[in-house]
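What follows is the content of model02.cif (mmCIF, C-alpha atoms).
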data_coords
loop_
_atom_site.label_atom_id
_atom_site.label_comp_id
_atom_site.auth_asym_id
_atom_site.auth_seq_id
_atom_site.Cartn_x
_atom_site.Cartn_y
_atom_site.Cartn_z
CA MET A 21 -11.21 -117.51 -1.84
CA ASP A 22 -12.76 -115.92 -4.91
CA LEU A 23 -13.25 -112.16 -5.14
CA ASN A 24 -16.96 -112.18 -4.19
CA THR A 25 -16.24 -114.15 -1.04
CA LEU A 26 -13.40 -111.79 -0.12
CA HIS A 27 -15.72 -108.82 -0.60
CA ILE A 28 -18.11 -110.26 1.98
CA VAL A 29 -15.27 -111.23 4.35
CA TRP A 30 -13.81 -107.74 4.22
CA PHE A 31 -17.23 -106.15 4.57
CA LEU A 32 -17.65 -108.13 7.80
CA ILE A 33 -14.12 -107.23 8.98
CA VAL A 34 -14.85 -103.53 8.47
CA GLY A 35 -18.08 -104.06 10.39
CA VAL A 36 -16.23 -105.72 13.27
CA LEU A 37 -13.79 -102.79 13.41
CA PHE A 38 -16.62 -100.27 13.57
CA VAL A 39 -18.33 -102.40 16.22
CA GLY A 40 -15.11 -102.32 18.24
CA TYR A 41 -14.87 -98.57 17.86
CA PHE A 42 -18.48 -97.93 18.88
CA VAL A 43 -18.21 -100.26 21.88
CA LEU A 44 -14.93 -98.82 23.16
CA ASP A 45 -15.12 -95.15 22.24
CA GLY A 46 -18.87 -95.33 22.88
CA PHE A 47 -18.43 -95.67 26.63
CA ASP A 48 -15.70 -93.01 26.46
CA PHE A 49 -18.27 -90.65 24.98
CA GLY A 50 -20.76 -91.61 27.67
CA VAL A 51 -18.27 -90.99 30.46
CA GLY A 52 -17.45 -87.57 29.00
CA MET A 53 -21.12 -86.61 28.68
CA SER A 54 -21.84 -87.68 32.29
CA ILE A 55 -19.49 -85.11 33.87
CA PRO A 56 -22.13 -82.36 34.46
CA PHE A 57 -24.55 -84.90 35.94
CA LEU A 58 -22.19 -86.87 38.20
CA GLY A 59 -19.29 -84.52 39.01
CA LYS A 60 -20.52 -82.58 42.04
CA ASP A 61 -17.04 -81.21 42.77
CA ASP A 62 -13.60 -81.23 41.19
CA VAL A 63 -12.62 -84.45 42.95
CA GLY A 64 -15.72 -86.16 41.59
CA ARG A 65 -15.07 -84.88 38.08
CA ARG A 66 -11.48 -86.07 38.21
CA GLN A 67 -12.71 -89.42 39.45
CA ILE A 68 -15.01 -89.70 36.41
CA ILE A 69 -12.37 -88.61 33.90
CA ASN A 70 -9.72 -90.91 35.38
CA THR A 71 -11.90 -93.95 34.66
CA ILE A 72 -11.00 -93.56 30.98
CA GLY A 73 -7.70 -91.70 31.38
CA SER A 74 -5.61 -94.77 30.55
CA VAL A 75 -7.67 -96.11 27.64
CA TRP A 76 -9.47 -93.33 25.75
CA ASP A 77 -6.70 -92.65 23.22
CA MET A 78 -6.19 -96.35 22.52
CA ASN A 79 -9.93 -96.80 21.96
CA GLU A 80 -9.85 -94.15 19.22
CA THR A 81 -7.26 -96.13 17.24
CA TRP A 82 -10.07 -98.50 16.21
CA LEU A 83 -11.49 -95.69 14.10
CA ILE A 84 -8.14 -95.18 12.37
CA VAL A 85 -7.82 -98.90 11.61
CA ALA A 86 -11.42 -99.09 10.38
CA GLY A 87 -10.83 -96.11 8.09
CA ALA A 88 -7.60 -97.60 6.75
CA CYS A 89 -9.29 -100.94 5.99
CA LEU A 90 -12.18 -99.14 4.34
CA PHE A 91 -9.73 -97.20 2.15
CA ALA A 92 -7.76 -100.30 1.14
CA GLY A 93 -10.64 -102.76 0.81
CA PHE A 94 -13.40 -100.54 -0.60
CA PRO A 95 -11.84 -97.37 -2.09
CA GLU A 96 -15.00 -96.34 -3.94
CA TRP A 97 -17.03 -96.62 -0.72
CA TYR A 98 -14.38 -94.67 1.18
CA ALA A 99 -14.18 -91.87 -1.39
CA THR A 100 -17.93 -91.44 -1.84
CA LEU A 101 -18.71 -91.63 1.87
CA LEU A 102 -16.07 -89.08 2.78
CA SER A 103 -17.07 -86.71 -0.01
CA GLY A 104 -20.73 -86.93 0.97
CA ALA A 105 -20.33 -86.77 4.73
CA TYR A 106 -17.14 -84.71 4.83
CA LEU A 107 -18.71 -81.84 6.78
CA ALA A 108 -20.13 -84.18 9.42
CA LEU A 109 -16.80 -86.02 9.64
CA PHE A 110 -14.95 -82.70 9.91
CA VAL A 111 -17.17 -81.67 12.83
CA ILE A 112 -16.54 -85.07 14.46
CA LEU A 113 -12.78 -84.63 13.98
CA ILE A 114 -12.79 -81.17 15.57
CA ALA A 115 -14.83 -82.50 18.49
CA LEU A 116 -12.43 -85.42 19.02
CA ILE A 117 -9.43 -83.06 18.92
CA ALA A 118 -11.06 -80.73 21.44
CA ARG A 119 -11.83 -83.65 23.72
CA GLY A 120 -8.30 -85.04 23.52
CA VAL A 121 -6.75 -81.64 24.23
CA SER A 122 -9.04 -81.21 27.23
CA PHE A 123 -7.97 -84.50 28.78
CA GLU A 124 -4.36 -83.33 28.65
CA TYR A 125 -4.77 -79.69 29.74
CA ARG A 126 -7.63 -79.55 32.27
CA HIS A 127 -5.36 -80.60 35.15
CA GLN A 128 -2.81 -77.82 34.63
CA GLY A 129 -4.11 -76.08 37.75
CA LYS A 130 -4.72 -72.59 36.37
CA GLY A 131 -7.96 -71.94 38.20
CA ALA A 132 -11.58 -73.04 38.34
CA LYS A 133 -12.57 -71.23 35.12
CA TRP A 134 -9.76 -72.96 33.21
CA THR A 135 -10.79 -76.39 34.49
CA ASN A 136 -14.49 -75.78 33.94
CA ALA A 137 -13.90 -74.66 30.33
CA PHE A 138 -11.99 -77.84 29.51
CA ASP A 139 -14.60 -79.96 31.27
CA TRP A 140 -17.26 -78.55 28.94
CA MET A 141 -15.00 -79.19 25.98
CA ILE A 142 -14.93 -82.85 27.04
CA VAL A 143 -18.72 -82.90 27.33
CA ILE A 144 -19.32 -81.28 23.93
CA GLY A 145 -16.44 -83.21 22.33
CA SER A 146 -18.13 -86.42 23.47
CA ALA A 147 -21.75 -85.55 22.66
CA VAL A 148 -21.18 -84.29 19.10
CA PRO A 149 -19.50 -87.49 17.79
CA ALA A 150 -21.98 -89.68 19.67
CA LEU A 151 -24.81 -87.93 17.81
CA LEU A 152 -23.24 -87.54 14.38
CA TRP A 153 -21.90 -91.10 14.11
CA GLY A 154 -25.44 -92.36 14.51
CA VAL A 155 -26.75 -89.88 11.94
CA ALA A 156 -24.05 -90.85 9.41
CA VAL A 157 -24.37 -94.63 9.78
CA ALA A 158 -28.18 -94.58 9.77
CA ASN A 159 -28.23 -92.59 6.53
CA MET A 160 -25.58 -94.81 4.97
CA VAL A 161 -27.83 -97.81 5.62
CA ASN A 162 -31.13 -96.18 4.66
CA GLY A 163 -29.83 -94.54 1.49
CA LEU A 164 -27.94 -91.45 0.35
CA PRO A 165 -28.32 -89.19 -2.70
CA ILE A 166 -25.56 -90.72 -4.83
CA VAL A 167 -25.44 -91.34 -8.57
CA ASN A 168 -23.40 -93.72 -10.68
CA THR A 169 -21.77 -91.59 -13.40
CA ASP A 170 -20.70 -94.65 -15.42
CA SER A 171 -17.37 -92.94 -15.96
CA ILE A 172 -13.93 -92.69 -14.41
CA GLU A 173 -15.44 -90.33 -11.82
CA GLY A 174 -17.37 -93.27 -10.39
CA PHE A 175 -20.08 -92.53 -7.83
CA GLN A 176 -20.86 -88.97 -6.82
CA TYR A 177 -22.72 -87.56 -3.84
CA THR A 178 -25.38 -85.08 -5.00
CA GLY A 179 -26.85 -83.97 -1.68
CA VAL A 180 -26.16 -80.89 0.44
CA PRO A 181 -23.27 -81.60 2.86
CA LEU A 182 -24.56 -82.39 6.38
CA ILE A 183 -28.04 -81.01 5.66
CA SER A 184 -28.97 -84.03 3.50
CA LEU A 185 -28.05 -86.29 6.42
CA LEU A 186 -30.61 -84.68 8.73
CA THR A 187 -33.45 -86.97 7.74
CA PRO A 188 -35.99 -88.25 10.30
CA TYR A 189 -34.43 -91.73 10.23
CA GLY A 190 -30.91 -90.31 10.46
CA LEU A 191 -31.79 -88.01 13.37
CA LEU A 192 -33.48 -90.88 15.22
CA GLY A 193 -30.33 -92.96 14.64
CA GLY A 194 -28.21 -90.14 16.03
CA LEU A 195 -30.42 -89.76 19.10
CA THR A 196 -30.22 -93.52 19.62
CA THR A 197 -26.41 -93.60 19.62
CA LEU A 198 -26.29 -90.48 21.80
CA LEU A 199 -28.47 -92.05 24.50
CA LEU A 200 -27.01 -95.53 24.09
CA PHE A 201 -23.42 -94.32 24.47
CA PHE A 202 -24.45 -92.10 27.38
CA THR A 203 -26.03 -94.98 29.29
CA HIS A 204 -23.15 -97.30 28.35
CA GLY A 205 -20.69 -94.74 29.75
CA VAL A 206 -22.61 -94.21 32.97
CA HIS A 207 -22.60 -97.98 33.51
CA TYR A 208 -18.82 -97.84 33.14
CA VAL A 209 -18.58 -95.02 35.69
CA ALA A 210 -20.62 -97.07 38.16
CA LEU A 211 -18.33 -100.05 37.53
CA LYS A 212 -15.10 -98.09 38.00
CA THR A 213 -15.83 -95.67 40.87
CA ASP A 214 -16.99 -95.62 44.46
CA GLY A 215 -18.80 -93.34 46.89
CA GLN A 216 -21.20 -90.61 45.80
CA VAL A 217 -20.22 -90.78 42.13
CA LYS A 218 -21.07 -94.48 42.02
CA ALA A 219 -24.39 -93.98 43.80
CA ASP A 220 -25.36 -91.11 41.49
CA ALA A 221 -24.31 -93.14 38.45
CA HIS A 222 -26.76 -95.92 39.37
CA LYS A 223 -29.62 -93.42 39.59
CA LEU A 224 -28.66 -91.63 36.37
CA ALA A 225 -28.21 -94.86 34.42
CA LEU A 226 -31.70 -96.00 35.40
CA LYS A 227 -33.26 -92.78 34.08
CA SER A 228 -31.19 -92.63 30.91
CA GLY A 229 -31.63 -96.37 30.40
CA ILE A 230 -35.41 -96.09 30.28
CA ALA A 231 -35.17 -93.22 27.77
CA THR A 232 -32.69 -95.23 25.72
CA ILE A 233 -35.01 -98.25 25.61
CA VAL A 234 -37.85 -96.12 24.20
CA VAL A 235 -35.72 -94.36 21.56
CA ALA A 236 -33.64 -97.41 20.57
CA ALA A 237 -36.76 -99.58 20.30
CA SER A 238 -38.31 -97.02 17.95
CA PHE A 239 -35.19 -96.90 15.78
CA LEU A 240 -34.75 -100.68 15.63
CA ALA A 241 -38.45 -101.21 14.90
CA TRP A 242 -38.26 -98.68 12.06
CA THR A 243 -35.16 -100.45 10.73
CA VAL A 244 -36.75 -103.90 10.84
CA ILE A 245 -40.00 -102.73 9.21
CA ALA A 246 -38.23 -100.77 6.46
CA HIS A 247 -35.51 -103.35 5.76
CA PHE A 248 -36.84 -106.68 6.92
CA SER A 249 -34.75 -109.81 6.88
CA ILE A 250 -34.41 -112.64 9.39
CA LEU A 251 -30.85 -111.61 10.31
CA VAL A 252 -31.84 -107.97 10.80
CA LEU A 253 -34.73 -109.01 13.03
CA LEU A 254 -32.57 -111.43 15.02
CA CYS A 255 -29.84 -108.85 15.66
CA ALA A 256 -32.41 -106.21 16.62
CA LEU A 257 -34.10 -108.58 19.09
CA ILE A 258 -30.79 -109.53 20.72
CA ALA A 259 -29.87 -105.83 21.02
CA ALA A 260 -33.25 -105.06 22.60
CA VAL A 261 -33.02 -107.89 25.14
CA ALA A 262 -29.43 -106.93 26.00
CA LEU A 263 -30.39 -103.28 26.56
CA ILE A 264 -33.29 -104.19 28.84
CA SER A 265 -30.99 -106.60 30.71
CA ALA A 266 -28.35 -103.87 31.13
CA VAL A 267 -30.91 -101.51 32.67
CA TYR A 268 -32.14 -104.29 34.99
CA PHE A 269 -28.64 -105.23 36.11
CA ASN A 270 -27.91 -101.59 36.85
CA TYR A 271 -31.11 -101.46 38.91
CA ILE A 272 -29.93 -104.36 41.08
CA GLN A 273 -26.40 -102.86 41.09
CA ARG A 274 -24.65 -105.65 39.22
CA ASP A 275 -22.31 -103.21 37.52
CA GLY A 276 -20.20 -105.69 35.58
CA TRP A 277 -23.22 -107.35 34.01
CA ALA A 278 -24.81 -103.98 33.25
CA PHE A 279 -21.68 -102.96 31.36
CA VAL A 280 -21.58 -106.29 29.50
CA GLY A 281 -25.24 -105.78 28.58
CA GLY A 282 -24.31 -102.41 27.09
CA ILE A 283 -21.52 -104.01 25.07
CA VAL A 284 -23.86 -106.66 23.66
CA THR A 285 -26.44 -103.97 22.85
CA VAL A 286 -23.96 -101.88 20.84
CA VAL A 287 -22.55 -104.95 19.07
CA PHE A 288 -25.89 -106.26 17.85
CA ALA A 289 -27.38 -102.84 17.11
CA VAL A 290 -24.48 -102.15 14.73
CA LEU A 291 -24.69 -105.69 13.33
CA ALA A 292 -28.40 -105.14 12.63
CA LEU A 293 -27.48 -102.18 10.44
CA TRP A 294 -24.68 -104.15 8.77
CA MET A 295 -27.12 -106.98 8.06
CA VAL A 296 -29.46 -104.48 6.37
CA LEU A 297 -26.72 -103.76 3.84
CA LEU A 298 -25.84 -107.42 3.44
CA THR A 299 -29.28 -109.03 3.24
CA SER A 300 -32.11 -106.53 2.77
CA TYR A 301 -31.40 -105.31 -0.77
CA SER A 302 -31.43 -107.20 -4.05
CA GLU A 303 -27.67 -107.65 -3.67
CA PRO A 304 -25.18 -106.83 -0.88
CA MET A 305 -24.81 -103.05 -0.68
CA VAL A 306 -22.41 -100.61 0.97
CA MET A 307 -24.23 -97.39 0.03
CA PRO A 308 -27.81 -97.63 -1.27
CA SER A 309 -28.96 -94.68 -3.35
CA THR A 310 -32.13 -92.62 -3.02
CA ILE A 311 -31.81 -91.27 -6.58
CA GLY A 312 -33.89 -92.74 -9.38
CA ALA A 313 -37.40 -92.68 -10.82
CA THR A 314 -37.64 -96.48 -11.02
CA PRO A 315 -36.28 -99.37 -8.90
CA GLU A 316 -33.88 -100.16 -11.74
CA GLU A 317 -32.44 -96.63 -11.69
CA VAL A 318 -32.11 -96.71 -7.90
CA LEU A 319 -30.29 -100.03 -8.13
CA HIS A 320 -28.01 -98.66 -10.86
CA ASN A 321 -27.08 -95.66 -8.69
CA SER A 322 -26.54 -97.77 -5.55
CA MET A 323 -23.06 -98.91 -4.63
CA SER A 324 -22.79 -102.66 -4.16
CA LEU A 325 -19.95 -104.71 -2.70
CA THR A 326 -18.95 -105.69 -6.22
CA ASN A 327 -18.43 -102.21 -7.61
CA ALA A 328 -16.94 -100.81 -4.39
CA GLY A 329 -14.28 -103.43 -3.68
CA SER A 330 -10.58 -103.58 -4.44
CA THR A 331 -8.86 -106.12 -6.66
CA LEU A 332 -8.30 -109.75 -5.70
CA PRO A 333 -4.53 -109.42 -4.93
CA THR A 334 -5.14 -106.41 -2.69
CA MET A 335 -7.81 -108.17 -0.66
CA GLN A 336 -5.76 -111.36 -0.37
CA PHE A 337 -2.74 -109.45 0.90
CA MET A 338 -4.86 -107.45 3.36
CA LEU A 339 -6.43 -110.63 4.71
CA TRP A 340 -3.00 -111.92 5.74
CA ILE A 341 -2.20 -108.60 7.41
CA ALA A 342 -5.50 -108.67 9.31
CA ALA A 343 -5.03 -112.30 10.37
CA ILE A 344 -1.68 -111.40 11.94
CA SER A 345 -2.34 -107.93 13.36
CA LEU A 346 -5.93 -108.10 14.63
CA PRO A 347 -5.30 -110.81 17.29
CA ILE A 348 -2.27 -108.82 18.51
CA VAL A 349 -4.36 -105.67 18.85
CA LEU A 350 -7.11 -107.54 20.70
CA CYS A 351 -4.64 -109.13 23.11
CA TYR A 352 -2.93 -105.81 23.81
CA GLN A 353 -6.27 -104.08 24.39
CA ALA A 354 -7.39 -106.83 26.77
CA TRP A 355 -4.08 -106.66 28.63
CA THR A 356 -4.42 -102.88 29.02
CA PHE A 357 -7.89 -103.15 30.51
CA TRP A 358 -6.62 -105.86 32.87
CA VAL A 359 -3.73 -103.71 34.06
CA PHE A 360 -6.04 -100.75 34.75
CA ARG A 361 -8.90 -102.82 36.12
CA LYS A 362 -8.98 -101.29 39.62
CA ARG A 363 -11.62 -98.79 40.69
CA VAL A 364 -10.83 -95.09 40.71
CA THR A 365 -11.61 -94.18 44.30
CA ARG A 366 -12.26 -90.77 45.76
CA GLU A 367 -9.56 -91.42 48.33
CA SER A 368 -6.93 -92.03 45.64
CA ILE A 369 -7.82 -88.74 43.91
CA GLU A 370 -7.60 -86.82 47.18
CA LYS A 371 -4.27 -88.39 48.07
CA GLY A 372 -2.89 -87.58 44.64
CA ALA A 373 -4.03 -83.96 44.94
CA ALA A 374 -2.49 -83.65 48.41
CA SER A 375 0.80 -85.14 47.20
CA ALA A 376 0.89 -82.75 44.22
CA ALA A 377 0.19 -79.77 46.49
CA ALA A 378 2.97 -80.81 48.87
CA HIS A 379 5.49 -80.74 46.02
#
Take the structure in the file and give it back as structure tokens.
Amino acid sequence: MDLNTLHIVWFLIVGVLFVGYFVLDGFDFGVGMSIPFLGKDDVGRRQIINTIGSVWDMNETWLIVAGACLFAGFPEWYATLLSGAYLALFVILIALIARGVSFEYRHQGKGAKWTNAFDWMIVIGSAVPALLWGVAVANMVNGLPIVNTDSIEGFQYTGVPLISLLTPYGLLGGLTTLLLFFTHGVHYVALKTDGQVKADAHKLALKSGIATIVVAASFLAWTVIAHFSILVLLCALIAAVALISAVYFNYIQRDGWAFVGGIVTVVFAVLALWMVLLTSYSEPMVMPSTIGATPEEVLHNSMSLTNAGSTLPTMQFMLWIAAISLPIVLCYQAWTFWVFRKRVTRESIEKGAASAAAH
């Protein structure tokens, strides 16, 4: 492959990794955010948390792999994105740490206040990344205040950290991911639990699903109108149909299909944004700029695949690594979900609590 082809291949690989992260950690976020709405007592809350207890940390590794591939394949993109969105990414990191600590410490049995505090850390640690990831990605697609210095310093972010990301389009993108991940997670709770939690999850998913349809439709319509291409439109339509199908399947209590519908929605919503970068500008972009008095100046300040990518030997070597490691990761992840495929029942939680008390 020549270098231009490898740029596109690696751009798509990075996209696939982010899709995997948003699908997998997305329902983790939704499960965490659902605790105040579905956990009527401690047994119910433990039932909810245990649905992701065996997979949440593995799901987060997709973010690490995506970041590593971004660093190796597109170092200029990595450096500029992290320098521009470092405050948002720092807040996300703190939230993820708080959530991970809470999973490990809430069950230490030091009283109701202790448990309740860590439960709220899970809720907040899930909601903040779900919102900010949408804000960051939406702004990355729509354009950021970056300039090409034409020097060894490369591209520089000129906006105010975090504040410059709070644009109407970015905030709508954040609200879309927040609601989408929430509904996706509640579908997973309905799939993996029984009893009152399951019944309440069906009702909650219907309400949140309707709200998600309205918000996501607005965001996708804005995206298609502002950055039209056939591929963007196609991905947006598939995402819309999948989301409506997920809400319908939840309504008729086909939990597996509702969850699959959520997966397809997240996949094609993210692909729609990736297709904006690939097809909607004069050349494939990774970070369009909003700086410039003329279209030529804007194009000059925008970061394309060509000026963001690594050298040919680096990308060739990485492609071999990805070809070997990615199938292994996918197989291991599938095997893990198969092993922990059983429902988390209220009876199993109560038996476990009784056994722990007896000892």
key: Expected selection from the PyMOL selection byres ((chain A and resi 245-247) around 12), given as a ChimeraX atom specification   = /A:161-163,189,237-244,248-253,256,292-302,308
task = Enumerate, as a ChimeraX atom specification, the residues matched when the PyMOL selection byres ((chain A and resi 66-73) around 10) is run on the file above.
result = /A:45,47-49,51-52,54-55,58-59,61-65,74-77,79,123-124,126-127,139,142,205-206,208-214,217-218,360-370
query = When distances are computed from all atoms listed in the file, which of A:Thr100, A:Thr314, A:Asn270, A:Thr196 shows the smallest separation from Trp153 (chain A)?
reply = A:Thr196
request  = Would you mind listing what lies within 7 Å of Gly281 (chain A) as a VMD selection string, with only C-alpha atoms counted and same-chain residues fewer than 2 positions away left out?
outcome  = chain A and resid 262 to 263 265 to 266 277 to 279 283 to 285
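Picture a line from CA of Tyr268 (chain A) to CA of Val234 (chain A); it runs 14.7 Å.
Comparing A:Gly190, A:Leu83, A:Thr197, A:Gly50 by their smallest distance to Ala225 (chain A), the closest is A:Gly50 (using all atoms listed in the file).
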Would you write out, as CSV, a table of all residues in region 152-221 of chain A that have an atom no more than 12 Å from an atom of region 111-116 of chain A, listing for each the closest atom pair and the distance in Å to one decimal, considering all atoms listed in the file and ordering rows by chain and rising residue number?
residue,atom,partner,partner_atom,distance
A:Leu152,CA,A:Ile112,CA,7.1
A:Trp153,CA,A:Ile112,CA,8.1
A:Gly154,CA,A:Ile112,CA,11.5
A:Val155,CA,A:Ile112,CA,11.6
A:Ala156,CA,A:Ile112,CA,10.7
A:Pro181,CA,A:Val111,CA,11.7
A:Leu182,CA,A:Val111,CA,9.8
Nearest residue to Val180 (chain A) from the set A:Ile144, A:Ile233, A:Ala118, A:Ala105 (distances using only C-alpha atoms) = A:Ala105
key: Straight-line distance linking CA of Leu325 (chain A) with CA of Val39 (chain A), stated in Å to one decimal   = 19.1 Å
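With all atoms listed in the file taken into account, the protein and nucleic acid residues at most 7 Å from Trp82 (chain A) (excluding it and anything under 5 positions from it in its own chain) are Leu37, Gly40 and Tyr41 of chain A.
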For the residues selected in the previous step, produce a file with C-alpha atoms as a PDB file, in the frame of the given file.
ATOM      1  CA  LEU A  37     -13.790-102.790  13.410  1.00  0.00           C
ATOM      2  CA  GLY A  40     -15.110-102.320  18.240  1.00  0.00           C
ATOM      3  CA  TYR A  41     -14.870 -98.570  17.860  1.00  0.00           C
TER       4      TYR A  41
END
With the input short on atoms, add N, CA and C atoms back to region 251-273 of chain A and write it as a short mmCIF file (atom, residue, chain, number, x, y, z; two decimals), keeping the file's coordinate frame.
data_model
loop_
_atom_site.label_atom_id
_atom_site.label_comp_id
_atom_site.auth_asym_id
_atom_site.auth_seq_id
_atom_site.Cartn_x
_atom_site.Cartn_y
_atom_site.Cartn_z
N LEU A 251 -32.06 -111.99 9.57
CA LEU A 251 -30.85 -111.61 10.31
C LEU A 251 -30.98 -110.24 10.95
N VAL A 252 -31.61 -109.30 10.24
CA VAL A 252 -31.84 -107.97 10.80
C VAL A 252 -32.73 -108.08 12.03
N LEU A 253 -33.80 -108.83 11.91
CA LEU A 253 -34.73 -109.01 13.03
C LEU A 253 -34.04 -109.67 14.21
N LEU A 254 -33.25 -110.71 13.95
CA LEU A 254 -32.57 -111.43 15.02
C LEU A 254 -31.60 -110.52 15.76
N CYS A 255 -30.79 -109.76 15.02
CA CYS A 255 -29.84 -108.85 15.66
C CYS A 255 -30.56 -107.78 16.45
N ALA A 256 -31.65 -107.26 15.92
CA ALA A 256 -32.41 -106.21 16.62
C ALA A 256 -33.01 -106.76 17.92
N LEU A 257 -33.52 -107.98 17.89
CA LEU A 257 -34.10 -108.58 19.09
C LEU A 257 -33.04 -108.81 20.16
N ILE A 258 -31.88 -109.31 19.76
CA ILE A 258 -30.79 -109.53 20.72
C ILE A 258 -30.36 -108.20 21.34
N ALA A 259 -30.25 -107.16 20.51
CA ALA A 259 -29.87 -105.83 21.02
C ALA A 259 -30.91 -105.33 22.01
N ALA A 260 -32.19 -105.53 21.71
CA ALA A 260 -33.25 -105.06 22.60
C ALA A 260 -33.22 -105.79 23.94
N VAL A 261 -33.07 -107.11 23.89
CA VAL A 261 -33.02 -107.89 25.14
C VAL A 261 -31.79 -107.51 25.96
N ALA A 262 -30.66 -107.31 25.30
CA ALA A 262 -29.43 -106.93 26.00
C ALA A 262 -29.56 -105.57 26.67
N LEU A 263 -30.22 -104.62 25.99
CA LEU A 263 -30.39 -103.28 26.56
C LEU A 263 -31.29 -103.33 27.80
N ILE A 264 -32.39 -104.05 27.69
CA ILE A 264 -33.29 -104.19 28.84
C ILE A 264 -32.57 -104.88 29.99
N SER A 265 -31.77 -105.90 29.68
CA SER A 265 -30.99 -106.60 30.71
C SER A 265 -29.99 -105.66 31.37
N ALA A 266 -29.32 -104.81 30.58
CA ALA A 266 -28.35 -103.87 31.13
C ALA A 266 -29.01 -102.92 32.12
N VAL A 267 -30.19 -102.42 31.77
CA VAL A 267 -30.91 -101.51 32.67
C VAL A 267 -31.31 -102.25 33.95
N TYR A 268 -31.76 -103.50 33.80
CA TYR A 268 -32.14 -104.29 34.99
C TYR A 268 -30.94 -104.56 35.89
N PHE A 269 -29.82 -104.95 35.30
CA PHE A 269 -28.64 -105.23 36.11
C PHE A 269 -28.13 -103.97 36.81
N ASN A 270 -28.26 -102.83 36.17
CA ASN A 270 -27.91 -101.59 36.85
C ASN A 270 -28.84 -101.34 38.03
N TYR A 271 -30.12 -101.66 37.84
CA TYR A 271 -31.11 -101.46 38.91
C TYR A 271 -30.78 -102.28 40.15
N ILE A 272 -30.28 -103.52 39.93
CA ILE A 272 -29.93 -104.36 41.08
C ILE A 272 -28.45 -104.21 41.43
N GLN A 273 -27.79 -103.23 40.80
CA GLN A 273 -26.40 -102.86 41.09
C GLN A 273 -25.41 -104.00 40.82
#
